[in-house]
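The structure under discussion appears below in the form of structure tokens.
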Amino acid sequence: MWADAGIAAVKSLVMLLLALNLTVLLLWIERKGSALIQDRIGANRANIFGGILPFNLGIVNTLIADPIKMFTKEDVIPDGADKLLHFFGPFLAVFPVLVTFAAVPFGDVLVIGDRTINLQVADLNVGILYVLAMSGLSVYGVVLGGWATNSRWSLLGAIRGSAQMISYEIAMGLGLIGAILVFGTLDLQAIARAQGALIWGVIPAWGIIYQPLGFLIFLVAGIAETKRVPFDLPEGESELTSGYFTEYSGSKQATYMMSDFAEIVVVSALATTLFFGAWQVPYLARDGFHFPGGFALALPQLVVVVMQVASFVLKVLVLCCFQILVRWSLPRYRYDQLMDLGWKTLLPLALANVLLTATVIVLAG
Amino acid sequence: MGPITFAVLATALVVSALTVVVHPSPVKSAMALVATLFLLAVVFVFLGAHMIAALQVIVYAGAIMVLFLFVIMLLNLSDDGAEARHRGRVVFRLGAWIGGGVLAVELSAFFLRVPFPEPATPPAGYGGAEAVATALFVDYLLPFELTSILLLVAVVGAVVLAQRRTA
């Protein structure tokens, strides 16, 4: 029993570190990547490899100096703010995002001795619903954070944010139904395993091949849920200062920012799990590679597991970078355009996708 | 669910449910209701009803309560006058305390006499998506579909009522 508890604790720790490190890494990718896109230099203070590299990577700047600055700043609570809710706002924003990772499988199984460890923190029969439930709860950090500070900018941002998140949650959930119909389960690990199959013995049966439209709807709704450009109306830098977290400073503001970045990782991790084969490496089974045409390459189990986890992290990272690219490439929507996109474009498309998928599945038996 | 888990969960649930009723601030009252619904979902998880727990959080804590909060914020209900509303008539307060006290004594007497039941092992697949779906779409299909018509009627009714006021 203690061994089981220990394994569960180690798995939780691995997943948490994976998520947090990806989140922090994104901070650097965002700062330097945006500079690259806009032909600027970007973060260029405090160089550590000054003598070796001809340019400054900005690692010290973004990953060490900035966090220290954030966490040592004065924590300002405005007059007339609700102290309790002002304190809880950032926690309510970051908690639902981080617990979502519990349902995401990051590998197949690891066999140590006679013990088979499922590389997933919580093996839930209703995995997708759990994820949707938690993403539904992340609205409260925005709403309460904005309301508690007793500031007009924050309240406007909070109301915009909650309306946007509720609207896109519907499209997001309906966009996933196609994938659920194809795999016939809500269990994320079962979905991951199902994507190890091959179509006609050659093409890996990843979700995106069955559900290209579902993936598109999920990705757009997912980016909208992260509340970043082109959907950054809750923040609205040019007219609302910082929207719902205008009145937060220091570590609380950093926590809000972190929850936004963690949401990017969550959206990428879910897109990977449902549409890009999760931890699957094409043609890699538990005992090694089996290429089409009969060629096989046996590999030790540990190597296979490491390759699977690496494949998962790599896919997540690519999707994260894609979202950052979107954020720095597209102009922002107007609020009515945002609502039109959610309700009049994505929702009907998602419904059509469900209908089409269901029809094909019934006809194909 | 063992007695200790139950005691911790039940205490948290009762405290948050009480906060809903007694807290003077409408926003905090609503947040306490969110906490109550969330903890209820946790109770469902411990009872093996995972599907119901997820739906509870999605529908109640995640969607309906956000709309509650939305309305409270847009109406800008403040704490003003909360004291006056809370005072009430002495007779009512006395009656409420006596009634609540009697109920509390009865319930605690009941719980102290009956031993805590051993947790039963649920059958395989109990409370999962398949089990709930079978109940909803096979065993009770007609009542389920009739409920959706009832909801549709309510939605149409709400729209009609709202329109008459603006016209």
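Going through the structure tokens in order, the chains are called A, B, and so on, while each chain numbers its residues from 1 and the ligands are numbered from 1 in the order shown.
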Using only C-alpha atoms, which protein or nucleic acid residues come within 9 Å of Pro282 in chain A? Drop anything in the same chain fewer than 3 positions from it, and give the result as a list in words.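 Neighbouring residues, sequence-local ones excluded: Gly196, Leu198, Ile203, Pro204, Gly277, Ala285, Phe289 and Phe291 of chain A.
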Now that the selection is made, can you save its residues with C-alpha atoms as an mmCIF file, in the first residue's frame?
```
data_model
loop_
_atom_site.group_PDB
_atom_site.id
_atom_site.type_symbol
_atom_site.label_atom_id
_atom_site.label_comp_id
_atom_site.auth_asym_id
_atom_site.auth_seq_id
_atom_site.Cartn_x
_atom_site.Cartn_y
_atom_site.Cartn_z
ATOM 1 C CA GLY A 196 -1.274 3.351 -31.650
ATOM 2 C CA LEU A 198 -2.378 1.820 -38.022
ATOM 3 C CA ILE A 203 -0.651 5.629 -41.371
ATOM 4 C CA PRO A 204 -0.725 6.051 -37.583
ATOM 5 C CA GLY A 277 -1.373 10.389 -30.715
ATOM 6 C CA ALA A 285 5.146 -0.720 -29.634
ATOM 7 C CA PHE A 289 9.737 -0.623 -33.497
ATOM 8 C CA PHE A 291 7.866 -0.808 -39.296
#
```
With a distance cut-off of 9 Å and only C-alpha atoms, select the neighbouring residues of Phe275 in chain A, excluding the residue or stretch itself and same-chain residues fewer than 4 positions from it, and output the selection as an NGL selection string. :A and (179 or 195 or 206-212 or 214-215 or 270-271)
Based on the selection just made, write C-alpha atoms of those residues as a PDB file, in the first residue's frame.
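As a result, part_2.pdb now contains:
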```
ATOM      1  CA  ALA A 179     -13.186  12.602 -31.089  1.00  0.00           C
ATOM      2  CA  GLN A 195      -4.064   5.936 -31.486  1.00  0.00           C
ATOM      3  CA  TRP A 206      -4.040   9.681 -34.789  1.00  0.00           C
ATOM      4  CA  GLY A 207      -7.145  11.661 -33.912  1.00  0.00           C
ATOM      5  CA  ILE A 208      -6.425  14.434 -36.395  1.00  0.00           C
ATOM      6  CA  ILE A 209      -6.839  12.031 -39.327  1.00  0.00           C
ATOM      7  CA  TYR A 210     -10.404  11.227 -38.247  1.00  0.00           C
ATOM      8  CA  GLN A 211     -11.219  14.649 -36.819  1.00  0.00           C
ATOM      9  CA  PRO A 212      -9.490  17.520 -38.650  1.00  0.00           C
ATOM     10  CA  GLY A 214     -12.796  18.781 -34.494  1.00  0.00           C
ATOM     11  CA  PHE A 215      -9.151  19.649 -33.939  1.00  0.00           C
ATOM     12  CA  LEU A 270      -5.073  17.926 -24.566  1.00  0.00           C
ATOM     13  CA  ALA A 271      -4.712  18.559 -28.283  1.00  0.00           C
TER      14      ALA A 271
END
```
Using only C-alpha atoms and a cut-off of 8 Å, which residues of chain B sit close to chain A? Please list them as a list in words. His50, Met51, Ala54, Leu55, Val57, Ile58, Ala61, Gly62, Ala63, Val66, Phe70, Met73, Gly128 and Ala129 of chain B
State, in Å with one decimal place, the distance from CA of Ala7 in chain B to CA of Leu103 in chain B. 18.5 Å
